[in-house]
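Contents: one structure, followed by commentary.
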2 protein chains.
Amino acid sequence: MSEEDRPSPDPVRDMSPDQFRKWGGEVVEWVARYLETVEELPVMAQVRPGDIRSQLPQSPPEGGESMEAILADLDRIIVPGITHWNHPSFFAYFPSSAAGAGILGEMLSAALNVNGMVWKTSPSATELESTVLDWLRQMIGLSADFQGIVYDTTSVGTFHALTAARNAIPEWDVAENGVAGPDAPRLTLYTSEHAHSSVEKGALAIGLGRRGVRKIPVDSEYRMDVAALEAAIQKDRAAGFRPFCVSATVGTTSTTSIDPVDRIADVTEREGLWLHVDAAYAGAAAILPERADILSGCNRADSFVMNPHKWMFTPIEFTAFYTRRPDALRAAFSLVPEYLKTAEDASVTNYMDYGIQLGRRFRSLKLWMVMRYFGVDGFRSLLGEHMRLARLFASFVEQDSRFEIAAPVPFSTVCFRLRTGDDDNSRLMERVNATGKIFISHTRVDDRFTLRFSIGNVKTEERHVRDAWDLIASEAG
Amino acid sequence: MSEEDRPSPDPVRDMSPDQFRKWGGEVVEWVARYLETVEELPVMAQVRPGDIRSQLPQSPPEGGESMEAILADLDRIIVPGITHWNHPSFFAYFPSSAAGAGILGEMLSAALNVNGMVWKTSPSATELESTVLDWLRQMIGLSADFQGIVYDTTSVGTFHALTAARNAIPEWDVAENGVAGPDAPRLTLYTSEHAHSSVEKGALAIGLGRRGVRKIPVDSEYRMDVAALEAAIQKDRAAGFRPFCVSATVGTTSTTSIDPVDRIADVTEREGLWLHVDAAYAGAAAILPERADILSGCNRADSFVMNPHKWMFTPIEFTAFYTRRPDALRAAFSLVPEYLKTAEDASVTNYMDYGIQLGRRFRSLKLWMVMRYFGVDGFRSLLGEHMRLARLFASFVEQDSRFEIAAPVPFSTVCFRLRTGDDDNSRLMERVNATGKIFISHTRVDDRFTLRFSIGNVKTEERHVRDAWDLIASEAG
């Protein structure tokens, strides 16, 4: 370890550009080797709680250390505790994988390290964000009256939708009065039993409480029951509550079911409620012309959220939020102190006005690079292939009499289970995950323990899906 | 442009490891050259609104493009619209700069692309997060009963503090009932006139409204007036409000003033209120033993937030949040649907339980690398030097009779102004920023337009500060 590999002392300096060349080269080689060999690693980390932490010093180093030592510990300590989301046999949850262009985009963002809180603090960050979100809007067929903003996660996107919806009710000044106190309206939010937990979490955060959340039953295909929605709204109105928002889902987390957004929009328009659509995972599928129908009705929504970091191969985190009512979002979140005023405020978008976060990483750069690298055709090819592979996997399940399909397969996620019962399914999942060869997860459908097999990694090929089924069928014994 | 530089068709594939080697090498060289030459670029982007967007296509590309074309557009279109936060003469706002080790850490995070929502989805992400936050806790002298979690921004950290505080009031079940209804308490939050706008934004988000926020006056050094705080609480109690939280600041945004946290803690303990401390920028200064006193009283706080992405050379975004009441935070945010339950839930930390965000990027990796690269001594050297340079700059101001210092300089930020008036100061700022040689920002102090000169870039040296003063003095004409 040579002296020049450490920060130079007195006063300390960061690594020089030449040192960056050297260590950047090492890290690129590390990543290339990782991408080359990730299939040989166990998908799910095979460690016990505390195994990683016990290998790390309990206190920070007093003196600077060499990059060589740091990268050695990355291999020795950190990698064994990684569950490899970038592994082509990661079939759990909704997969998120990072394409090469996205990985390079993240490094460029970190090097530029801009904070795009206002236009002036990096015009390119603001204007590229507007541009790529408009590209994405066109790709999935949302109408031109939707304006986009990038958040980190769908949970935060949904939180913003609920906040804007809450503050948009006309008869009560929420920004001034809040929703507290004896005169405040008792707001109620509607979503399906199968909606993501982030909807309820958002409702609790903005002050509604569980008492303000109505979970509407679903039909036999796990879609929101619109008649039940209407009945719940009428019942609440009669009881003195103030319905204000419906959150529908295109591609629910358990089964990827699609709520009937068009019929829900009939209700929200008639009742004067904000309609939010969570299409976190499945929204990307609308890039395929033959699947554009999945967003039917979404152009009538007030807000819409989807995750390019899920099924568009963009490194986590990147959530695209759209609203047809940007003024309502702005009214809920704009607070401009003197030190953030700029001469351009009247003529530009300052994205800080549209969210709780002031600091804003340059996230649009990575999506821009991934979009250009693949092009619209590339996404169509990859997503179409993943959906084909999911149908293939479902056909394997159907041909094995020990198993059953638990829900329709509209996208790239298959819910299935052994017919015998919860314990057998739970044990089967633990066994296949313990092999390290694949990683699958579970949910409950019709109150039964159900396995989920979701395809979304940019590197997943037919052989990975066939091998996965062979393993599952064999471990089912 | 050769064919292998594009994604391969039918079915489309991501770039191969060898292609990643090639383009990764190009990007490392791009970054090294950027770090080498950033001083030659204008700090503040010299473009007009729309200049960047008008050069970008209005629609996404149908076919995939080469990395060569993408990187060419980075130079041609994007870079001219960048305000260079990584420029050593960036003195605006609070500077955020990315050390080399942090840039490489971001690339590794993107390549691993893990989502650390629960322990199982990457044990290393959870356990390294716990470890580096404990290291940082020791470095700044917080007591061992603080438990840490990483969020993206301080705004989100403060929002979490307020939510936990709101839900922790014992006499009303906020998670169940929300804050609305005839019996709900009318909650009031206290912070100083000089607190960051994120405190009020958080209060509006969680449903308090402006009516629930009390901005306490400051003393002659811009610190919260504790007698006024006590009076406001008593007045509110008498009027039937329910005080629940005080948010104090160590290092306010305008002047970096330090609220008297110890005396505020006397009040919050006596009154039974949650005490939150926002030390976003200045908390890092406590790494210097001679400045540990700035966090006096903070060990009595319920929650505390600081930003390694501000003054610890870690790429944006990274906010360290600490609380002595993790159970209250968890109670406000934990909602575990079936599909996120794991066998280890009883024996591990699942960070998703402590926040609104479910998806969680592997942020601790970059801070771990930066901490090890510099060591505690390295941070002491860099931060000590920045504070010395701020005193040097303040001495230049004091020696020029046209100018005056507008506030004490406890850290690395100098508030100063021409004695003549707001318009002269505003024009001076616009003139020096238009040169592209330095970038400074402003605030209002005592209702006067005041210039801010803040030092925090890892590459800032004495020559940059001397040149900046020479430019300012010369442009002041």
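Residue numbers start at 1 in each chain; chains themselves are named A, B, ... in the order of the structure tokens; ligands are numbered from 1 in the order shown.
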(message) DSSP on the backbone: which residues in range 168-304 of chain B end up as strand (DSSP E)? Give the answer as a PyMOL selection string.
(response) chain B and resi 187-192+213-216+242-249+274-278+303-304
With C-alpha atoms retained, export the selected residues as a PDB file, in the first residue's frame.
```pdb
ATOM      1  CA  LEU B 187     -51.673  20.291  18.294  1.00  0.00           C
ATOM      2  CA  THR B 188     -49.103  23.095  18.295  1.00  0.00           C
ATOM      3  CA  LEU B 189     -45.477  22.958  17.227  1.00  0.00           C
ATOM      4  CA  TYR B 190     -42.759  25.460  18.227  1.00  0.00           C
ATOM      5  CA  THR B 191     -39.732  26.481  16.245  1.00  0.00           C
ATOM      6  CA  SER B 192     -37.795  29.704  15.798  1.00  0.00           C
ATOM      7  CA  VAL B 213     -47.105  26.329  13.988  1.00  0.00           C
ATOM      8  CA  ARG B 214     -45.624  28.916  16.362  1.00  0.00           C
ATOM      9  CA  LYS B 215     -42.552  30.789  15.179  1.00  0.00           C
ATOM     10  CA  ILE B 216     -40.717  31.931  18.278  1.00  0.00           C
ATOM     11  CA  ARG B 242     -52.077  20.961  22.884  1.00  0.00           C
ATOM     12  CA  PRO B 243     -48.327  21.779  22.598  1.00  0.00           C
ATOM     13  CA  PHE B 244     -46.501  18.593  21.509  1.00  0.00           C
ATOM     14  CA  CYS B 245     -43.107  19.384  19.984  1.00  0.00           C
ATOM     15  CA  VAL B 246     -40.260  21.899  19.797  1.00  0.00           C
ATOM     16  CA  SER B 247     -37.887  21.864  16.838  1.00  0.00           C
ATOM     17  CA  ALA B 248     -34.566  23.541  17.664  1.00  0.00           C
ATOM     18  CA  THR B 249     -31.741  24.253  15.263  1.00  0.00           C
ATOM     19  CA  TRP B 274     -40.922  16.041  22.020  1.00  0.00           C
ATOM     20  CA  LEU B 275     -37.618  17.825  21.333  1.00  0.00           C
ATOM     21  CA  HIS B 276     -36.279  17.596  17.794  1.00  0.00           C
ATOM     22  CA  VAL B 277     -32.914  19.097  16.787  1.00  0.00           C
ATOM     23  CA  ASP B 278     -32.097  20.045  13.194  1.00  0.00           C
ATOM     24  CA  SER B 303     -34.685  13.115  17.776  1.00  0.00           C
ATOM     25  CA  PHE B 304     -31.762  14.663  15.933  1.00  0.00           C
TER      26      PHE B 304
END
```
(message) Need to verify the contact set: Phe241 in chain A, 9 Å, only C-alpha atoms, exclusion of same-chain residues closer than 5 positions in sequence. Can you return it as an NGL selection string?
(response) :A and (185-188 or 212 or 233 or 235-236)
(message) Could you check the closest approach to chain A for each of B:Arg417, B:Arg431, B:Arg444, B:Lys310 and tell me which residue wins, using only C-alpha atoms?
(response) B:Arg444
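Distance annotation: of B:Met139, B:Val28, B:Ala175, B:Ala45, the residue with the minimal separation from Lys201 in chain A is B:Ala175; atom set is only C-alpha atoms.
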May I have the residues within 12 Å of Gly384 in chain A as a PDB file with C-alpha atoms, in the first residue's frame, using only C-alpha atoms and disregarding those fewer than 2 positions away in the same chain?
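Result file is part-v4.pdb:
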```pdb
ATOM      1  CA  ALA A 284     -44.269   0.249 -17.659  1.00  0.00           C
ATOM      2  CA  ALA A 285     -46.162  -2.498 -19.510  1.00  0.00           C
ATOM      3  CA  ALA A 286     -48.222   0.176 -21.244  1.00  0.00           C
ATOM      4  CA  ILE A 287     -45.144   0.880 -23.382  1.00  0.00           C
ATOM      5  CA  LEU A 288     -46.253  -2.140 -25.430  1.00  0.00           C
ATOM      6  CA  PRO A 289     -48.960  -0.976 -27.872  1.00  0.00           C
ATOM      7  CA  GLU A 290     -50.918  -4.200 -27.327  1.00  0.00           C
ATOM      8  CA  ARG A 291     -50.985  -3.529 -23.577  1.00  0.00           C
ATOM      9  CA  TRP A 311     -39.348  -2.631 -14.573  1.00  0.00           C
ATOM     10  CA  ASP A 377     -38.236  -0.608 -28.999  1.00  0.00           C
ATOM     11  CA  GLY A 378     -35.767  -2.016 -26.509  1.00  0.00           C
ATOM     12  CA  PHE A 379     -38.220  -1.678 -23.630  1.00  0.00           C
ATOM     13  CA  ARG A 380     -40.933  -3.295 -25.742  1.00  0.00           C
ATOM     14  CA  SER A 381     -38.661  -6.212 -26.508  1.00  0.00           C
ATOM     15  CA  LEU A 382     -37.539  -6.722 -22.888  1.00  0.00           C
ATOM     16  CA  HIS A 386     -40.641 -11.055 -19.551  1.00  0.00           C
ATOM     17  CA  MET A 387     -44.396 -11.419 -20.033  1.00  0.00           C
ATOM     18  CA  ARG A 388     -43.843 -14.328 -22.404  1.00  0.00           C
ATOM     19  CA  LEU A 389     -41.593 -16.007 -19.834  1.00  0.00           C
ATOM     20  CA  ALA A 390     -44.238 -15.532 -17.137  1.00  0.00           C
ATOM     21  CA  ARG A 391     -46.818 -17.286 -19.334  1.00  0.00           C
ATOM     22  CA  PRO A 410     -51.717 -10.161 -16.696  1.00  0.00           C
ATOM     23  CA  PHE A 411     -48.048  -9.159 -16.540  1.00  0.00           C
ATOM     24  CA  SER A 412     -44.815 -10.924 -15.542  1.00  0.00           C
ATOM     25  CA  ILE A 455     -39.783 -11.684 -13.732  1.00  0.00           C
ATOM     26  CA  GLY A 456     -38.220  -8.287 -14.293  1.00  0.00           C
ATOM     27  CA  VAL A 458     -32.829  -7.062 -17.453  1.00  0.00           C
TER      28      VAL A 458
ATOM     29  CA  ASP B  10     -33.943  -9.832 -30.724  1.00  0.00           C
ATOM     30  CA  PRO B  11     -34.382 -10.236 -27.821  1.00  0.00           C
ATOM     31  CA  VAL B  12     -32.696  -7.054 -26.697  1.00  0.00           C
TER      32      VAL B  12
END
```
(message) One decimal, in Å: what's the spacing between CA of Ala331 in chain A and CA of Asn115 in chain A?
(response) 22.3 Å
Residues within 10 Å of Ile405 in chain A, only C-alpha atoms, excluding chain neighbours under 3 positions, as a PDB file with C-alpha atoms, in the first residue's frame:
```pdb
ATOM      1  CA  ALA A 394     -47.506 -20.453 -15.584  1.00  0.00           C
ATOM      2  CA  SER A 395     -47.836 -23.241 -18.152  1.00  0.00           C
ATOM      3  CA  VAL A 397     -47.359 -24.809 -13.056  1.00  0.00           C
ATOM      4  CA  GLU A 398     -50.561 -25.786 -14.825  1.00  0.00           C
ATOM      5  CA  PRO A 408     -54.664 -14.356 -13.338  1.00  0.00           C
ATOM      6  CA  VAL A 409     -51.267 -13.461 -14.865  1.00  0.00           C
ATOM      7  CA  VAL A 414     -47.198 -15.604 -11.347  1.00  0.00           C
ATOM      8  CA  CYS A 415     -49.004 -16.424  -8.097  1.00  0.00           C
ATOM      9  CA  PHE A 416     -49.108 -20.171  -7.502  1.00  0.00           C
ATOM     10  CA  ARG A 417     -49.059 -22.738  -4.728  1.00  0.00           C
ATOM     11  CA  LEU A 418     -48.995 -26.364  -3.788  1.00  0.00           C
ATOM     12  CA  ARG A 419     -52.539 -27.581  -3.350  1.00  0.00           C
ATOM     13  CA  THR A 450     -49.181 -18.226  -1.968  1.00  0.00           C
ATOM     14  CA  LEU A 451     -45.843 -18.195  -3.788  1.00  0.00           C
TER      15      LEU A 451
END
```
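Of the residues listed (A:Gly207, A:Gly181, A:Gly375, A:Pro88), A:Pro88 shows the shortest atom-to-atom separation from Ala468 in chain A; distances use only C-alpha atoms.
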(message) Residues near Ala265 in chain B, anyone? I mean within 8 Å using only C-alpha atoms, not counting same-chain ones fewer than 2 positions away, as a ChimeraX atom specification.
(response) /B:261-263,267-269,275,297,300-301
(message) as a PyMOL selection string, please: the residues near range 128-135 of chain B (cut-off 6 Å, only C-alpha atoms, same-chain neighbours under 2 positions excluded).
(response) (chain A and resi 59-60) or (chain B and resi 124-126+137-138+148+364)
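With distances restricted to only C-alpha atoms, B:Pro182 is the closest residue to chain A from B:Pro308, B:Pro42, B:Pro182, B:Gly421.
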(request) State, in Å with one decimal place, the distance from CA of Phe313 in chain B to CA of Tyr151 in chain B. (result) 16.5 Å
(request) Check the DSSP output for the backbone and give back, as a PyMOL selection string, the residues of range 247-380 of chain B in helix (DSSP H, G or I). (result) chain B and resi 261-271+282-287+289-295+298-300+308-311+326-333+338-340+351-354+364-380
